[in-house]
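> Dropping in final-v2.cif, which is mmCIF, C-alpha atoms:
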```cif
data_data
loop_
_atom_site.label_atom_id
_atom_site.label_comp_id
_atom_site.auth_asym_id
_atom_site.auth_seq_id
_atom_site.Cartn_x
_atom_site.Cartn_y
_atom_site.Cartn_z
CA MET V 1 34.26 20.80 -1.49
CA LEU V 2 33.75 17.22 -0.36
CA GLN V 3 36.99 15.59 0.62
CA THR V 4 37.46 11.86 1.12
CA ALA V 5 40.47 10.42 2.91
CA GLN V 6 41.86 7.70 0.67
CA ARG V 7 43.07 4.65 2.56
CA SER V 8 45.84 4.10 0.03
CA ALA V 9 47.12 7.68 0.37
CA ARG V 10 48.75 7.12 3.75
CA PRO V 11 52.34 5.90 3.32
CA LYS V 12 53.35 2.66 5.02
CA ALA V 13 55.33 3.13 8.20
CA LYS V 14 58.91 1.96 8.29
CA LYS V 15 60.27 -0.59 10.75
CA GLY V 16 60.66 1.04 14.15
CA ALA V 17 58.55 4.06 13.17
CA PRO V 18 54.88 4.11 14.29
CA PRO V 19 52.16 5.08 11.77
CA HIS V 20 51.36 8.06 14.00
CA GLU V 21 53.30 9.74 16.82
CA ARG V 22 50.52 8.87 19.31
CA PHE V 23 49.96 5.32 18.04
CA LEU V 24 51.34 3.51 21.11
CA GLU V 25 49.56 5.85 23.52
CA ALA V 26 46.29 5.21 21.69
CA PHE V 27 46.88 1.46 21.67
CA ARG V 28 47.26 1.42 25.46
CA TRP V 29 43.95 3.26 25.91
CA MET V 30 42.33 0.70 23.59
CA LEU V 31 43.90 -2.16 25.53
CA LEU V 32 42.63 -0.74 28.83
CA ALA V 33 39.12 -0.29 27.42
CA ARG V 34 39.01 -3.84 26.03
CA THR V 35 40.26 -5.27 29.33
CA LEU V 36 37.56 -3.34 31.18
CA GLU V 37 34.81 -4.43 28.81
CA GLU V 38 35.76 -8.10 29.01
CA LYS V 39 35.76 -7.94 32.81
CA LEU V 40 32.37 -6.22 32.91
CA VAL V 41 30.93 -8.84 30.57
CA SER V 42 32.13 -11.59 32.90
CA LEU V 43 30.48 -9.80 35.82
CA TYR V 44 27.27 -9.44 33.84
CA ARG V 45 27.19 -13.17 33.06
CA GLY V 46 28.28 -14.19 36.36
CA GLY V 47 31.79 -3.89 20.31
CA LEU V 48 34.37 -2.81 20.04
CA ILE V 49 36.44 0.30 20.70
CA THR V 50 37.65 2.27 17.67
CA GLY V 51 37.08 5.78 19.01
CA VAL V 52 40.22 6.36 21.05
CA ALA V 53 41.22 9.15 18.66
CA CYS V 54 38.04 11.02 19.56
CA GLY V 55 39.14 11.70 23.13
CA LEU V 56 42.87 11.75 22.51
CA PHE V 57 43.03 15.03 20.54
CA LEU V 58 40.67 17.08 22.65
CA GLN V 59 41.98 19.70 25.10
CA LYS V 60 40.81 21.23 28.33
CA GLY V 61 37.72 23.30 27.56
CA ASP V 62 36.65 21.16 24.60
CA ILE V 63 33.33 19.33 24.60
CA PHE V 64 33.04 15.56 24.15
CA ALA V 65 29.80 13.66 23.56
CA PRO V 66 30.68 9.93 23.54
CA LEU V 67 28.35 6.96 23.17
CA ILE V 68 28.22 3.60 24.93
CA ARG V 69 31.03 1.92 22.94
CA ASP V 70 33.44 4.84 23.17
CA GLN V 71 35.17 3.81 26.40
CA ALA V 72 38.67 4.23 24.97
CA GLY V 73 37.79 7.78 23.95
CA ARG V 74 36.21 8.46 27.35
CA SER V 75 39.34 7.25 29.13
CA ALA V 76 41.66 9.25 26.87
CA PHE V 77 39.51 12.32 27.54
CA GLY V 78 40.03 11.87 31.28
CA GLU V 79 37.10 9.84 32.62
CA PRO V 80 38.32 8.06 35.79
CA LEU V 81 38.15 4.28 35.58
CA ILE V 82 36.64 4.12 39.06
CA ASP V 83 33.64 6.16 37.85
CA VAL V 84 33.02 3.61 35.09
CA THR V 85 32.92 0.70 37.52
CA ARG V 86 30.92 2.71 40.06
CA THR V 87 28.22 3.27 37.47
CA TYR V 88 28.11 -0.36 36.37
CA LEU V 89 28.04 -1.62 39.96
CA GLY V 90 25.58 0.92 41.33
CA SER V 91 27.77 2.80 43.81
CA ARG V 92 26.23 5.93 45.29
CA LEU V 93 29.64 7.60 45.00
CA GLY V 94 29.59 7.42 41.20
CA PRO V 95 28.67 10.26 38.84
CA MET V 96 25.07 8.97 38.57
CA ARG V 97 24.85 8.21 42.31
CA GLY V 98 23.72 4.65 41.55
CA ARG V 99 20.54 5.91 39.89
CA ASP V 100 21.20 4.77 36.33
CA GLY V 101 22.43 1.75 34.47
CA ASN V 102 25.78 1.60 32.76
CA ILE V 103 25.63 3.93 29.78
CA HIS V 104 24.28 7.40 30.59
CA ARG V 105 27.14 8.58 32.77
CA GLY V 106 28.92 11.83 32.09
CA HIS V 107 30.81 14.69 33.71
CA PRO V 108 29.11 17.84 32.37
CA ARG V 109 31.27 20.17 34.49
CA GLU V 110 34.32 18.65 32.78
CA ASN V 111 32.59 18.96 29.37
CA GLU V 112 31.94 15.23 28.98
CA LEU V 113 28.25 15.11 28.13
CA ALA V 114 26.05 12.31 29.43
CA MET V 115 24.65 10.17 26.61
CA ILE V 116 21.00 10.50 25.61
CA SER V 117 19.46 7.22 24.46
CA HIS V 118 17.85 8.98 21.50
CA LEU V 119 21.32 9.11 20.03
CA GLY V 120 20.77 11.64 17.26
CA ALA V 121 19.98 14.24 19.92
CA MET V 122 23.59 14.36 21.09
CA VAL V 123 24.62 16.33 18.00
CA SER V 124 22.11 19.08 18.78
CA VAL V 125 23.18 19.13 22.44
CA THR V 126 26.82 19.46 21.42
CA VAL V 127 26.00 22.27 18.99
CA GLY V 128 24.06 24.08 21.70
CA SER V 129 26.96 23.69 24.12
CA LEU V 130 29.37 25.14 21.56
CA MET V 131 27.09 28.10 20.91
CA ALA V 132 26.86 28.74 24.67
CA LYS V 133 30.66 28.83 24.92
CA ARG V 134 30.75 31.25 22.01
CA PHE V 135 28.15 33.52 23.67
CA LYS V 136 30.37 33.57 26.78
CA GLY V 137 33.27 34.83 24.69
CA GLU V 138 35.39 31.70 25.02
CA LYS V 139 38.00 30.97 22.36
CA ASN V 140 39.99 28.06 20.94
CA PHE V 141 37.53 25.26 21.69
CA VAL V 142 35.95 22.46 19.67
CA GLY V 143 33.22 19.91 20.24
CA LEU V 144 33.29 16.29 19.15
CA ALA V 145 30.16 14.13 19.00
CA CYS V 146 30.10 10.41 18.25
CA ILE V 147 27.25 8.74 16.38
CA GLY V 148 26.46 5.45 14.71
CA GLU V 149 25.00 5.13 11.24
CA GLY V 150 21.61 4.26 12.74
CA GLY V 151 21.51 7.47 14.75
CA MET V 152 22.34 9.40 11.57
CA GLN V 153 18.89 8.61 10.23
CA THR V 154 17.01 10.46 12.99
CA GLY V 155 15.43 13.88 12.65
CA ALA V 156 17.41 15.34 15.55
CA PHE V 157 20.67 14.40 13.84
CA HIS V 158 19.71 16.23 10.64
CA GLU V 159 18.61 19.31 12.59
CA GLY V 160 21.87 19.34 14.53
CA MET V 161 23.96 19.01 11.37
CA ASN V 162 22.10 21.84 9.68
CA LEU V 163 22.36 24.16 12.70
CA ALA V 164 26.08 23.42 13.10
CA ALA V 165 26.77 24.38 9.49
CA VAL V 166 24.57 27.49 9.53
CA GLU V 167 26.16 28.76 12.76
CA GLN V 168 29.64 27.54 11.73
CA VAL V 169 30.40 26.09 15.15
CA PRO V 170 33.72 24.24 15.62
CA LEU V 171 32.17 20.76 15.54
CA VAL V 172 33.58 17.36 14.61
CA ILE V 173 31.18 14.46 14.15
CA VAL V 174 32.73 11.00 14.13
CA ALA V 175 30.24 8.55 12.68
CA THR V 176 30.81 4.81 12.97
CA ASN V 177 29.20 2.84 10.18
CA ASN V 178 28.67 -0.50 11.94
CA HIS V 179 26.79 -1.83 8.87
CA TYR V 180 23.93 -2.80 11.19
CA ALA V 181 21.86 -0.45 13.35
CA TYR V 182 21.10 -3.18 15.87
CA SER V 183 19.83 -5.71 13.28
CA THR V 184 18.93 -3.30 10.45
CA PRO V 185 21.44 -3.48 7.56
CA ASN V 186 22.75 -0.44 5.71
CA ASP V 187 20.52 -0.93 2.65
CA ARG V 188 17.44 -0.50 4.85
CA GLN V 189 18.83 2.65 6.48
CA PHE V 190 20.05 4.91 3.68
CA ALA V 191 20.28 5.01 -0.10
CA CYS V 192 23.37 7.16 -0.68
CA HIS V 193 26.56 5.43 -1.83
CA ASP V 194 28.57 6.49 1.22
CA LEU V 195 27.41 8.37 4.33
CA VAL V 196 30.26 10.83 3.91
CA ASP V 197 28.47 12.06 0.75
CA ARG V 198 26.05 13.84 3.07
CA ALA V 199 28.75 16.22 4.26
CA ILE V 200 28.66 18.48 1.23
CA GLY V 201 24.86 18.74 1.41
CA TYR V 202 25.03 20.22 4.88
CA GLY V 203 28.08 22.41 4.34
CA PHE V 204 30.50 20.13 6.22
CA GLU V 205 33.90 18.89 5.14
CA GLY V 206 33.78 15.10 4.91
CA TYR V 207 36.31 12.28 5.22
CA SER V 208 35.94 8.51 5.23
CA LEU V 209 38.34 5.88 6.55
CA ASP V 210 38.84 2.29 7.62
CA GLY V 211 37.78 2.30 11.27
CA THR V 212 39.92 -0.74 12.06
CA ASP V 213 43.13 1.11 11.11
CA LEU V 214 44.33 2.93 14.23
CA GLY V 215 46.92 4.95 12.33
CA ALA V 216 44.29 6.21 9.89
CA CYS V 217 41.90 7.06 12.74
CA LEU V 218 44.56 9.09 14.51
CA GLU V 219 45.59 10.92 11.35
CA VAL V 220 42.12 11.73 10.00
CA ILE V 221 40.32 12.49 13.26
CA GLY V 222 43.28 14.45 14.63
CA SER V 223 43.38 16.53 11.46
CA ALA V 224 39.61 17.11 11.59
CA VAL V 225 39.91 18.43 15.15
CA LYS V 226 42.70 20.80 14.07
CA ARG V 227 40.66 22.07 11.12
CA ALA V 228 37.60 22.72 13.29
CA ARG V 229 39.72 24.53 15.89
CA ALA V 230 41.26 26.67 13.14
CA GLY V 231 37.86 27.94 11.99
CA ARG V 232 37.20 25.64 9.04
CA PRO V 233 33.61 24.39 8.45
CA PRO V 234 32.23 21.61 10.66
CA GLN V 235 33.84 18.22 10.04
CA LEU V 236 32.24 14.82 9.38
CA VAL V 237 34.38 11.69 9.63
CA VAL V 238 32.81 8.34 8.71
CA ALA V 239 34.63 5.22 9.90
CA SER V 240 33.68 1.86 8.42
CA VAL V 241 33.70 -1.08 10.86
CA LEU V 242 31.66 -4.13 11.81
CA ARG V 243 30.42 -4.58 15.36
CA LEU V 244 32.00 -7.92 16.21
CA SER V 245 29.50 -8.95 18.86
CA GLY V 246 25.80 -8.44 19.40
CA HIS V 247 24.20 -5.11 20.19
CA GLY V 248 24.21 -6.24 23.82
CA GLU V 249 24.70 -9.41 25.83
CA HIS V 250 21.13 -10.42 24.94
CA ASP V 251 21.87 -10.35 21.19
CA ASP V 252 23.56 -13.27 19.37
CA ALA V 253 24.06 -11.21 16.16
CA SER V 254 22.71 -14.10 14.06
CA TYR V 255 21.50 -11.56 11.48
CA VAL V 256 25.08 -10.70 10.42
CA THR V 257 25.80 -12.41 7.10
CA GLU V 258 28.87 -14.53 6.46
CA GLU V 259 29.67 -12.35 3.45
CA ILE V 260 29.98 -9.24 5.60
CA LYS V 261 32.14 -11.06 8.13
CA GLN V 262 34.73 -11.55 5.37
CA GLN V 263 34.98 -7.84 4.50
CA PRO V 264 38.15 -5.83 5.30
CA PHE V 265 36.24 -3.66 7.79
CA ALA V 266 35.23 -6.75 9.81
CA ARG V 267 38.59 -6.97 11.59
CA ASP V 268 39.21 -6.60 15.32
CA CYS V 269 40.84 -3.18 15.58
CA LEU V 270 42.79 -4.03 18.73
CA LYS V 271 44.32 -7.12 17.10
CA VAL V 272 45.12 -5.10 13.98
CA ALA V 273 46.87 -2.42 16.05
CA GLU V 274 48.82 -5.01 18.02
CA GLN V 275 49.92 -6.75 14.83
CA THR V 276 51.11 -3.39 13.50
CA ILE V 277 53.20 -2.94 16.64
CA ILE V 278 54.73 -6.39 16.13
CA ASP V 279 55.31 -5.98 12.39
CA LEU V 280 57.03 -2.61 12.82
CA ASN V 281 58.93 -3.76 15.89
CA LEU V 282 57.71 -0.77 17.89
CA VAL V 283 57.96 -2.57 21.25
CA ASP V 284 58.98 -6.08 22.25
CA ALA V 285 56.78 -8.93 23.46
CA GLN V 286 57.79 -8.37 27.08
CA THR V 287 56.59 -4.77 26.96
CA LEU V 288 53.27 -5.80 25.42
CA GLY V 289 52.87 -8.34 28.20
CA GLU V 290 53.59 -5.71 30.83
CA TRP V 291 50.99 -3.40 29.27
CA ARG V 292 48.37 -6.16 29.45
CA LYS V 293 49.20 -6.82 33.11
CA ASP V 294 49.00 -3.11 33.88
CA ALA V 295 45.58 -2.84 32.21
CA VAL V 296 44.29 -5.83 34.20
CA ALA V 297 45.64 -4.36 37.44
CA GLN V 298 43.95 -1.00 36.81
CA VAL V 299 40.62 -2.66 36.03
CA GLU V 300 40.76 -4.99 39.03
CA GLU V 301 41.58 -2.08 41.34
CA ALA V 302 38.67 -0.01 40.02
CA ILE V 303 36.20 -2.88 40.35
CA ALA V 304 37.38 -3.80 43.84
CA GLY V 305 37.05 -0.18 44.92
CA ALA V 306 33.52 0.19 43.57
CA GLN V 307 32.41 -3.11 45.12
CA LYS V 308 33.31 -1.81 48.59
CA GLU V 309 31.26 1.36 48.22
CA PRO V 310 27.65 1.77 49.45
CA ALA V 311 24.59 1.42 47.27
CA PRO V 312 22.04 4.28 47.19
CA GLU V 313 19.34 4.37 49.86
CA GLY V 314 16.20 5.97 48.48
CA ASP V 315 14.90 7.29 51.80
CA LYS V 316 18.20 8.97 52.68
CA GLU V 317 19.29 10.51 49.39
CA ASP V 318 19.32 14.31 49.02
CA TRP V 319 20.68 14.57 45.49
CA TYR V 320 18.55 16.05 42.71
CA ALA V 321 19.43 15.78 39.04
CA LEU V 322 17.73 18.94 37.79
CA SER V 323 17.30 21.15 40.83
CA THR V 324 18.72 22.24 44.16
CA ARG V 325 17.42 21.58 47.67
CA ASP V 326 16.10 25.16 47.83
CA LEU V 327 14.00 24.65 44.71
CA VAL V 328 12.66 21.34 45.99
CA ASP V 329 11.73 22.86 49.34
CA TYR V 330 10.05 25.78 47.56
CA ALA V 331 8.02 23.37 45.41
CA ASP V 332 6.99 21.37 48.48
CA GLU V 333 5.87 24.50 50.28
CA ASN V 334 3.87 25.83 47.35
#
```
Please express what this file holds, its structure, as structure tokens.

Amino acid sequence: MLQTAQRSARPKAKKGAPPHERFLEAFRWMLLARTLEEKLVSLYRGGLITGVACGLFLQKGDIFAPLIRDQAGRSAFGEPLIDVTRTYLGSRLGPMRGRDGNIHRGHPRENELAMISHLGAMVSVTVGSLMAKRFKGEKNFVGLACIGEGGMQTGAFHEGMNLAAVEQVPLVIVATNNHYAYSTPNDRQFACHDLVDRAIGYGFEGYSLDGTDLGACLEVIGSAVKRARAGRPPQLVVASVLRLSGHGEHDDASYVTEEIKQQPFARDCLKVAEQTIIDLNLVDAQTLGEWRKDAVAQVEEAIAGAQKEPAPEGDKEDWYALSTRDLVDYADEN
């Protein structure tokens, strides 16, 4: 049965009581991610994070497949900040050894999958990883894959959804409806009323929410992870937001209409969360200021560390992405 999380169903939090027990923890991961992104943009010249709940509720042994704008979720899942800056700045000590740009990093041995640019493919990869864990006899694990509404229109995404439901793997898909896939608006991407309506067609349980409401994200995504871990059908969560900047630094987002900018989902989720903290008197202004300073200090330390590290030297490297030295030597000899 298709289930939709009603935004009005969640009771308002009382003064001094957070909307969710992990609200302040999640806010600090969001604050760190925003601070990092703003610093990296300044480095580049010289979107925003709503997915913190994706990494926050996963446990050791779970699988996480984040996308480029899921830095808060990556950090909450355990990705070291130094590895982020190493990848952006091309350090040979980073997870990609300076061989890639800024977005395809991952830690497969720690179950954080490296992003594939053909985004719909990540669902199939996550499903395959979950099936492999099942074949090994592992228990009590889930996989969470992030996707945007544009990636939901690809063939690989549909195949992954169908396989997940048929095999009943413990999968959670968190889909962010940005209302534009790059510059393509929703009405040129899909014809259904709401993307969550697709859940029932595949055999998923589906929930929709306001992606700018941190409390709702924590409640709905956290519950979806629990249901998947408990053996319920695969879960689809659709969060409605608006990407508040261009698709990249090259994009001025001039295609976004003024009408859409006035919609409730067009808010800055970090500002909304901070205002909630203030309204409910969860922490005082001094504490918020200290959190900001701490985030800046962590980011500055990670960038300074990566800047001191060596860049890759092509004629001296002995690292191979898909093979070992023995296999390379064998291929050379034969």
> Using all atoms listed in the file, determine which residues lie at most 9 Å from Glu79 of chain V, disregarding the query and same-chain residues fewer than 5 positions distant; provide the list as an NGL selection string.
:V and (71 or 73-74 or 84 or 106-107 or 112)
> Distance cut-off 9 Å, centre (21.1, 9.5, 15.0) in file coordinates, counting only C-alpha atoms: which residues qualify? Return them as a list in words.
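Output of the proximity query reads His118, Leu119, Gly120, Ala121, Met122, Val123, Ile147, Gly148, Glu149, Gly150, Gly151, Met152, Gln153, Thr154, Gly155, Ala156, Phe157 and His158 of chain V.
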> If I take atom CA of Pro95 of chain V and atom CA of Met131 of chain V, how far is one from the other in Å, to one decimal?
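Atom-to-atom, atom CA of Pro95 of chain V to atom CA of Met131 of chain V, that is 25.3 Å.
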> Determine, counting all atoms listed in the file, which protein, DNA and RNA residues have an atom within 8 Å of an atom of Val52 of chain V; residues of the same chain fewer than 3 positions away are not included. Present the result as a list in words.
Ala26, Trp29, Met30, Ile49, Gly55, Leu56, Asp70, Gln71, Ala72, Gly73, Arg74 and Ala76 of chain V
> Env of Glu167 of chain V: 12 Å cut, atoms = all atoms listed in the file, seq-sep filter 5 positions within chain, self excluded. Answer as a count of residues only.
15
> Please provide the set of residues having any atom within 12 Å of Glu309 of chain V, restricted to only C-alpha atoms, with same-chain residues fewer than 2 positions apart removed, written as an MDAnalysis selection string.
chainID V and resid 82:83 85:87 89:94 97:98 302:307 311:312
> Just the selected residues (C-alpha atoms), exported as a PDB file, in the coordinates of the input, please.

```pdb
ATOM      1  CA  ILE V  82      36.640   4.120  39.060  1.00  0.00           C
ATOM      2  CA  ASP V  83      33.640   6.160  37.850  1.00  0.00           C
ATOM      3  CA  THR V  85      32.920   0.700  37.520  1.00  0.00           C
ATOM      4  CA  ARG V  86      30.920   2.710  40.060  1.00  0.00           C
ATOM      5  CA  THR V  87      28.220   3.270  37.470  1.00  0.00           C
ATOM      6  CA  LEU V  89      28.040  -1.620  39.960  1.00  0.00           C
ATOM      7  CA  GLY V  90      25.580   0.920  41.330  1.00  0.00           C
ATOM      8  CA  SER V  91      27.770   2.800  43.810  1.00  0.00           C
ATOM      9  CA  ARG V  92      26.230   5.930  45.290  1.00  0.00           C
ATOM     10  CA  LEU V  93      29.640   7.600  45.000  1.00  0.00           C
ATOM     11  CA  GLY V  94      29.590   7.420  41.200  1.00  0.00           C
ATOM     12  CA  ARG V  97      24.850   8.210  42.310  1.00  0.00           C
ATOM     13  CA  GLY V  98      23.720   4.650  41.550  1.00  0.00           C
ATOM     14  CA  ALA V 302      38.670  -0.010  40.020  1.00  0.00           C
ATOM     15  CA  ILE V 303      36.200  -2.880  40.350  1.00  0.00           C
ATOM     16  CA  ALA V 304      37.380  -3.800  43.840  1.00  0.00           C
ATOM     17  CA  GLY V 305      37.050  -0.180  44.920  1.00  0.00           C
ATOM     18  CA  ALA V 306      33.520   0.190  43.570  1.00  0.00           C
ATOM     19  CA  GLN V 307      32.410  -3.110  45.120  1.00  0.00           C
ATOM     20  CA  ALA V 311      24.590   1.420  47.270  1.00  0.00           C
ATOM     21  CA  PRO V 312      22.040   4.280  47.190  1.00  0.00           C
TER      22      PRO V 312
END
```
> What is the distance, in Å and to one decimal place, between atom CA of Asp252 of chain V and atom CA of Asn186 of chain V?
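According to the coordinates, atom CA of Asp252 of chain V and atom CA of Asn186 of chain V are separated by 18.8 Å.
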> Using all atoms listed in the file, can you tell me which of V:Ile63, V:Ala53, V:Ala191, V:Ala17 comes closest to Leu218 of chain V?
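Going through V:Ile63, V:Ala53, V:Ala191, V:Ala17 one by one, the smallest distance to Leu218 of chain V is for V:Ala53.
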> Selection in question (the file shown): the PyMOL selection byres ((chain V and resi 142) around 7). Which residues does it include, as a PyMOL selection string?
chain V and resi 62-63+141+143-144+170-171+228-229
> Please list as a PyMOL selection string every residue within 12 Å of Ser245 of chain V, counting all atoms listed in the file and excluding residues in the same chain fewer than 6 positions away.
chain V and resi 38+41+47-49+69+178+180+182-183+251-256+261+266-268
> Between atom CA of Asp279 of chain V and atom CA of Pro19 of chain V, measure the distance and give it in Å to one decimal.
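Pair atom CA of Asp279 of chain V / atom CA of Pro19 of chain V returns 11.5 Å.
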> Starting from the shown file, work through the PyMOL selection byres ((chain V and resi 225) around 8) and note down what comes out as a PyMOL selection string.
chain V and resi 57-58+142+172+221-224+226-229+235
> Give the answer as one residue: which of V:Phe265, V:Ser75, V:Val272, V:Asp197 has the shortest atom-to-atom distance to Leu209 of chain V, using all atoms listed in the file?
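Looking only at the distances to Leu209 of chain V, the closest residue turns out to be V:Phe265.
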